[in-house]
Every structure is written in structure tokens, then in C-alpha cells.
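Below is one structure, written out as C-alpha cells; the observations come after it.
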Amino acid sequence: MSFGTISGSQLLYYMSYPDCRVIDLRMPNQYAIGHVAGAVNIPFEKLETECQTLSKKNQYILYCQHGNVSMKAAKMMDEMGFNVVTLIGGYLLFCYRSR
């Protein structure tokens with residue numbers, strides 16, 4: 001496993017780079033309720049197919065609701081040659097700590 005994890009404060013740092021892309025792996029209805037600004041919604045079930053359209057030159061930050069799904073997704077993307085990290089604790093922890 002060569003992908004890493006980042007905290008919410010690190011997320012903001014990573015997002016300052018132009019080659020950084022944030023992917024919300026949750027269902028569209030969850031994304032519609034709230035998401036990290038600038039994140040694109042690619043539900044986990046569609047990620048493998050969508051990876052065919054993603055550039056391996058970018059840095060990807062993945063998050064889900066709690067962090068478990070994003071770990072699976074990061075493992076998959078890492079094995080495909082993507083530069084990827086996951087958000088510790090997922091969207092819920094990010095929102096809780098952002099209060």
C-alpha cells in the first residue's frame with residue numbers, strides 16, 4: 001500500500017495545487033446535501049470505469065462518508081498507477097472538525 005491519508009487541514013493545503021482533484025465517492029443524494037467545495041462526485045460503484053477518463057498526472061484526494069470506502073478506492077487507484085490519498089474519517093469528520 002503506497003497511498004497515504006491526510007487530515008482535513010491538509011486537504012485545504014493539497015487543494016491549493018492546480019493538479020489536485022478531489023473525488024467524493026458517496027451517492028449523488030449525499031453529495032447534493034453537502035460536499036467539499038470543488039469536489040466532483042464519482043460514486044464508488046462507477047469509479048473503476050471513470051478511472052479510464054482520469055489523468056495519472058494529477059494528485060487525487062478521495063473521501064466517502066466515514067473513510068472506509070475511500071480506503072478501498074485508494075487501494076484500487078493506487079494499483080492502477082494513480083497518485084492518491086484519502087481523507088481521514090471521511091466527510092463526516094471533516095465537517096465535524098470544520099465547525
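Following the order of the C-alpha cells, first chain is A, next is B, and so on, with residues numbered from 1 inside each chain and ligands from 1 in the order they appear.
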
Got a sec to tell me which of chain A DSSP assigns to helix (DSSP H, G or I), as an MDAnalysis selection string?
-> chainID A and resid 8:14 28:33 44:53 68:79 90:97

Restricting the output to N, CA and C atoms, write the selected residues as a CSV table (one decimal), in the first residue's frame.
```
chain,number,residue,atom,x,y,z
A,8,GLY,N,-8.2,16.9,7.5
A,8,GLY,CA,-8.9,18.0,6.9
A,8,GLY,C,-8.1,19.2,6.7
A,9,SER,N,-7.2,19.6,7.6
A,9,SER,CA,-6.4,20.7,7.4
A,9,SER,C,-5.4,20.5,6.2
A,10,GLN,N,-4.9,19.3,6.1
A,10,GLN,CA,-4.0,19.0,5.0
A,10,GLN,C,-4.8,19.0,3.6
A,11,LEU,N,-6.1,18.7,3.7
A,11,LEU,CA,-6.9,18.8,2.5
A,11,LEU,C,-6.9,20.2,1.9
A,12,LEU,N,-7.0,21.2,2.7
A,12,LEU,CA,-7.0,22.5,2.2
A,12,LEU,C,-5.7,22.9,1.6
A,13,TYR,N,-4.6,22.4,2.2
A,13,TYR,CA,-3.3,22.6,1.6
A,13,TYR,C,-3.1,22.0,0.2
A,14,TYR,N,-3.5,20.7,0.1
A,14,TYR,CA,-3.4,20.0,-1.1
A,14,TYR,C,-4.3,20.6,-2.2
A,28,PRO,N,-25.0,10.3,-5.2
A,28,PRO,CA,-25.4,11.6,-5.6
A,28,PRO,C,-26.3,12.4,-4.6
A,29,ASN,N,-27.2,11.7,-3.9
A,29,ASN,CA,-28.1,12.4,-3.0
A,29,ASN,C,-27.3,12.9,-1.8
A,30,GLN,N,-26.3,12.1,-1.3
A,30,GLN,CA,-25.4,12.6,-0.2
A,30,GLN,C,-24.6,13.8,-0.7
A,31,TYR,N,-24.0,13.7,-1.9
A,31,TYR,CA,-23.2,14.8,-2.4
A,31,TYR,C,-24.1,16.1,-2.5
A,32,ALA,N,-25.3,15.9,-2.9
A,32,ALA,CA,-26.2,17.1,-3.1
A,32,ALA,C,-26.5,17.8,-1.8
A,33,ILE,N,-26.5,17.0,-0.7
A,33,ILE,CA,-26.8,17.6,0.6
A,33,ILE,C,-25.6,18.4,1.1
A,44,PHE,N,-18.6,5.4,-5.7
A,44,PHE,CA,-17.6,4.3,-5.7
A,44,PHE,C,-17.9,3.2,-6.8
A,45,GLU,N,-19.2,2.9,-7.0
A,45,GLU,CA,-19.6,1.9,-7.9
A,45,GLU,C,-19.2,2.2,-9.4
A,46,LYS,N,-19.0,3.5,-9.7
A,46,LYS,CA,-18.6,4.0,-11.0
A,46,LYS,C,-17.2,4.3,-11.1
A,47,LEU,N,-16.4,4.3,-10.1
A,47,LEU,CA,-15.0,4.7,-10.1
A,47,LEU,C,-14.2,4.0,-11.0
A,48,GLU,N,-14.2,2.7,-11.0
A,48,GLU,CA,-13.3,1.9,-11.9
A,48,GLU,C,-13.5,2.3,-13.4
A,49,THR,N,-14.7,2.4,-13.8
A,49,THR,CA,-15.0,2.9,-15.2
A,49,THR,C,-14.5,4.3,-15.4
A,50,GLU,N,-14.8,5.2,-14.5
A,50,GLU,CA,-14.4,6.6,-14.6
A,50,GLU,C,-12.9,6.8,-14.6
A,51,CYS,N,-12.2,5.9,-14.0
A,51,CYS,CA,-10.7,6.0,-13.9
A,51,CYS,C,-10.1,6.0,-15.3
A,52,GLN,N,-10.8,5.4,-16.3
A,52,GLN,CA,-10.3,5.4,-17.7
A,52,GLN,C,-10.2,6.8,-18.3
A,53,THR,N,-11.0,7.8,-17.7
A,53,THR,CA,-11.0,9.2,-18.2
A,53,THR,C,-10.1,10.1,-17.3
A,68,ASN,N,-14.1,4.4,5.1
A,68,ASN,CA,-13.9,3.0,4.7
A,68,ASN,C,-13.9,2.8,3.2
A,69,VAL,N,-14.8,3.3,2.5
A,69,VAL,CA,-15.0,3.2,1.1
A,69,VAL,C,-13.8,3.8,0.4
A,70,SER,N,-13.4,5.0,0.9
A,70,SER,CA,-12.3,5.7,0.2
A,70,SER,C,-11.0,4.9,0.3
A,71,MET,N,-10.8,4.1,1.4
A,71,MET,CA,-9.6,3.3,1.5
A,71,MET,C,-9.6,2.2,0.4
A,72,LYS,N,-10.8,1.6,0.2
A,72,LYS,CA,-10.9,0.6,-0.9
A,72,LYS,C,-10.6,1.2,-2.2
A,73,ALA,N,-11.2,2.4,-2.4
A,73,ALA,CA,-11.0,3.1,-3.7
A,73,ALA,C,-9.5,3.5,-3.9
A,74,ALA,N,-8.9,4.0,-2.9
A,74,ALA,CA,-7.5,4.4,-3.0
A,74,ALA,C,-6.6,3.2,-3.3
A,75,LYS,N,-6.9,2.1,-2.7
A,75,LYS,CA,-6.1,0.8,-3.0
A,75,LYS,C,-6.2,0.5,-4.5
A,76,MET,N,-7.5,0.5,-5.0
A,76,MET,CA,-7.7,0.2,-6.4
A,76,MET,C,-7.0,1.2,-7.3
A,77,MET,N,-7.1,2.5,-7.0
A,77,MET,CA,-6.5,3.5,-7.9
A,77,MET,C,-5.0,3.4,-7.8
A,78,ASP,N,-4.4,3.2,-6.6
A,78,ASP,CA,-3.0,3.0,-6.4
A,78,ASP,C,-2.5,1.9,-7.3
A,79,GLU,N,-3.2,0.8,-7.3
A,79,GLU,CA,-2.8,-0.4,-8.1
A,79,GLU,C,-2.9,-0.1,-9.6
A,90,GLY,N,-13.3,10.6,6.6
A,90,GLY,CA,-14.3,10.9,5.6
A,90,GLY,C,-15.0,12.3,5.8
A,91,TYR,N,-16.1,12.4,5.1
A,91,TYR,CA,-16.8,13.7,5.1
A,91,TYR,C,-17.3,14.1,6.4
A,92,LEU,N,-17.8,13.2,7.2
A,92,LEU,CA,-18.4,13.5,8.5
A,92,LEU,C,-17.4,14.1,9.5
A,93,LEU,N,-16.2,13.5,9.5
A,93,LEU,CA,-15.2,14.0,10.4
A,93,LEU,C,-14.7,15.4,9.9
A,94,PHE,N,-14.6,15.5,8.6
A,94,PHE,CA,-14.2,16.8,8.1
A,94,PHE,C,-15.2,17.9,8.5
A,95,CYS,N,-16.5,17.6,8.3
A,95,CYS,CA,-17.5,18.6,8.7
A,95,CYS,C,-17.5,18.9,10.2
A,96,TYR,N,-17.3,17.8,11.0
A,96,TYR,CA,-17.3,18.0,12.4
A,96,TYR,C,-16.2,18.9,12.9
A,97,ARG,N,-15.0,18.7,12.3
A,97,ARG,CA,-13.8,19.4,12.7
A,97,ARG,C,-13.8,20.8,12.1
```

Could you tell me, as a PyMOL selection string, which residues of chain A DSSP assigns to strand (DSSP E or B) when given the backbone?
-> chain A and resi 4-6+20-24+40-41+59-63+83-87

Keeping only N, CA and C atoms, write the selected residues to a file as a PDB file, in the first residue's frame.
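Okay, this is what ended up in out38.pdb:
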```pdb
ATOM      1  N   GLY A   4      -1.480   7.337   0.850  1.00  0.00           N
ATOM      2  CA  GLY A   4      -1.474   7.856   2.204  1.00  0.00           C
ATOM      3  C   GLY A   4      -2.830   8.386   2.621  1.00  0.00           C
ATOM      4  N   THR A   5      -2.849   8.918   3.825  1.00  0.00           N
ATOM      5  CA  THR A   5      -4.051   9.553   4.355  1.00  0.00           C
ATOM      6  C   THR A   5      -3.701  10.985   4.731  1.00  0.00           C
ATOM      7  N   ILE A   6      -4.697  11.851   4.672  1.00  0.00           N
ATOM      8  CA  ILE A   6      -4.492  13.246   5.048  1.00  0.00           C
ATOM      9  C   ILE A   6      -5.619  13.696   5.965  1.00  0.00           C
ATOM     10  N   CYS A  20      -4.376  19.073  -8.307  1.00  0.00           N
ATOM     11  CA  CYS A  20      -5.118  18.302  -7.304  1.00  0.00           C
ATOM     12  C   CYS A  20      -6.590  18.185  -7.696  1.00  0.00           C
ATOM     13  N   ARG A  21      -7.123  16.986  -7.582  1.00  0.00           N
ATOM     14  CA  ARG A  21      -8.533  16.724  -7.847  1.00  0.00           C
ATOM     15  C   ARG A  21      -9.132  15.996  -6.645  1.00  0.00           C
ATOM     16  N   VAL A  22     -10.275  16.472  -6.186  1.00  0.00           N
ATOM     17  CA  VAL A  22     -10.946  15.866  -5.044  1.00  0.00           C
ATOM     18  C   VAL A  22     -12.157  15.097  -5.557  1.00  0.00           C
ATOM     19  N   ILE A  23     -12.264  13.837  -5.141  1.00  0.00           N
ATOM     20  CA  ILE A  23     -13.365  12.980  -5.582  1.00  0.00           C
ATOM     21  C   ILE A  23     -14.195  12.556  -4.377  1.00  0.00           C
ATOM     22  N   ASP A  24     -15.473  12.856  -4.445  1.00  0.00           N
ATOM     23  CA  ASP A  24     -16.463  12.440  -3.449  1.00  0.00           C
ATOM     24  C   ASP A  24     -17.055  11.127  -3.938  1.00  0.00           C
ATOM     25  N   VAL A  40     -15.647  16.621  -7.120  1.00  0.00           N
ATOM     26  CA  VAL A  40     -16.535  16.040  -8.115  1.00  0.00           C
ATOM     27  C   VAL A  40     -17.109  14.751  -7.550  1.00  0.00           C
ATOM     28  N   ASN A  41     -18.317  14.454  -7.910  1.00  0.00           N
ATOM     29  CA  ASN A  41     -18.991  13.265  -7.400  1.00  0.00           C
ATOM     30  C   ASN A  41     -18.836  12.110  -8.386  1.00  0.00           C
ATOM     31  N   GLN A  59      -2.915  14.642  -8.782  1.00  0.00           N
ATOM     32  CA  GLN A  59      -2.993  14.133  -7.405  1.00  0.00           C
ATOM     33  C   GLN A  59      -4.477  14.017  -7.074  1.00  0.00           C
ATOM     34  N   TYR A  60      -4.917  12.862  -6.610  1.00  0.00           N
ATOM     35  CA  TYR A  60      -6.325  12.659  -6.272  1.00  0.00           C
ATOM     36  C   TYR A  60      -6.502  12.495  -4.771  1.00  0.00           C
ATOM     37  N   ILE A  61      -7.490  13.187  -4.258  1.00  0.00           N
ATOM     38  CA  ILE A  61      -7.890  13.044  -2.862  1.00  0.00           C
ATOM     39  C   ILE A  61      -9.282  12.437  -2.877  1.00  0.00           C
ATOM     40  N   LEU A  62      -9.431  11.321  -2.203  1.00  0.00           N
ATOM     41  CA  LEU A  62     -10.702  10.614  -2.156  1.00  0.00           C
ATOM     42  C   LEU A  62     -11.324  10.746  -0.779  1.00  0.00           C
ATOM     43  N   TYR A  63     -12.647  10.856  -0.755  1.00  0.00           N
ATOM     44  CA  TYR A  63     -13.350  10.776   0.524  1.00  0.00           C
ATOM     45  C   TYR A  63     -14.720  10.149   0.316  1.00  0.00           C
ATOM     46  N   ASN A  83      -1.753   8.628  -8.367  1.00  0.00           N
ATOM     47  CA  ASN A  83      -1.218   9.256  -7.164  1.00  0.00           C
ATOM     48  C   ASN A  83      -2.431   9.656  -6.317  1.00  0.00           C
ATOM     49  N   VAL A  84      -2.646   8.968  -5.210  1.00  0.00           N
ATOM     50  CA  VAL A  84      -3.899   9.110  -4.471  1.00  0.00           C
ATOM     51  C   VAL A  84      -3.679   9.106  -2.963  1.00  0.00           C
ATOM     52  N   VAL A  85      -4.495   9.890  -2.264  1.00  0.00           N
ATOM     53  CA  VAL A  85      -4.550   9.897  -0.802  1.00  0.00           C
ATOM     54  C   VAL A  85      -6.022   9.901  -0.396  1.00  0.00           C
ATOM     55  N   THR A  86      -6.288   9.541   0.846  1.00  0.00           N
ATOM     56  CA  THR A  86      -7.656   9.561   1.351  1.00  0.00           C
ATOM     57  C   THR A  86      -7.777  10.519   2.526  1.00  0.00           C
ATOM     58  N   LEU A  87      -8.977  11.031   2.709  1.00  0.00           N
ATOM     59  CA  LEU A  87      -9.273  11.943   3.808  1.00  0.00           C
ATOM     60  C   LEU A  87      -9.620  11.130   5.059  1.00  0.00           C
TER      61      LEU A  87
END
```
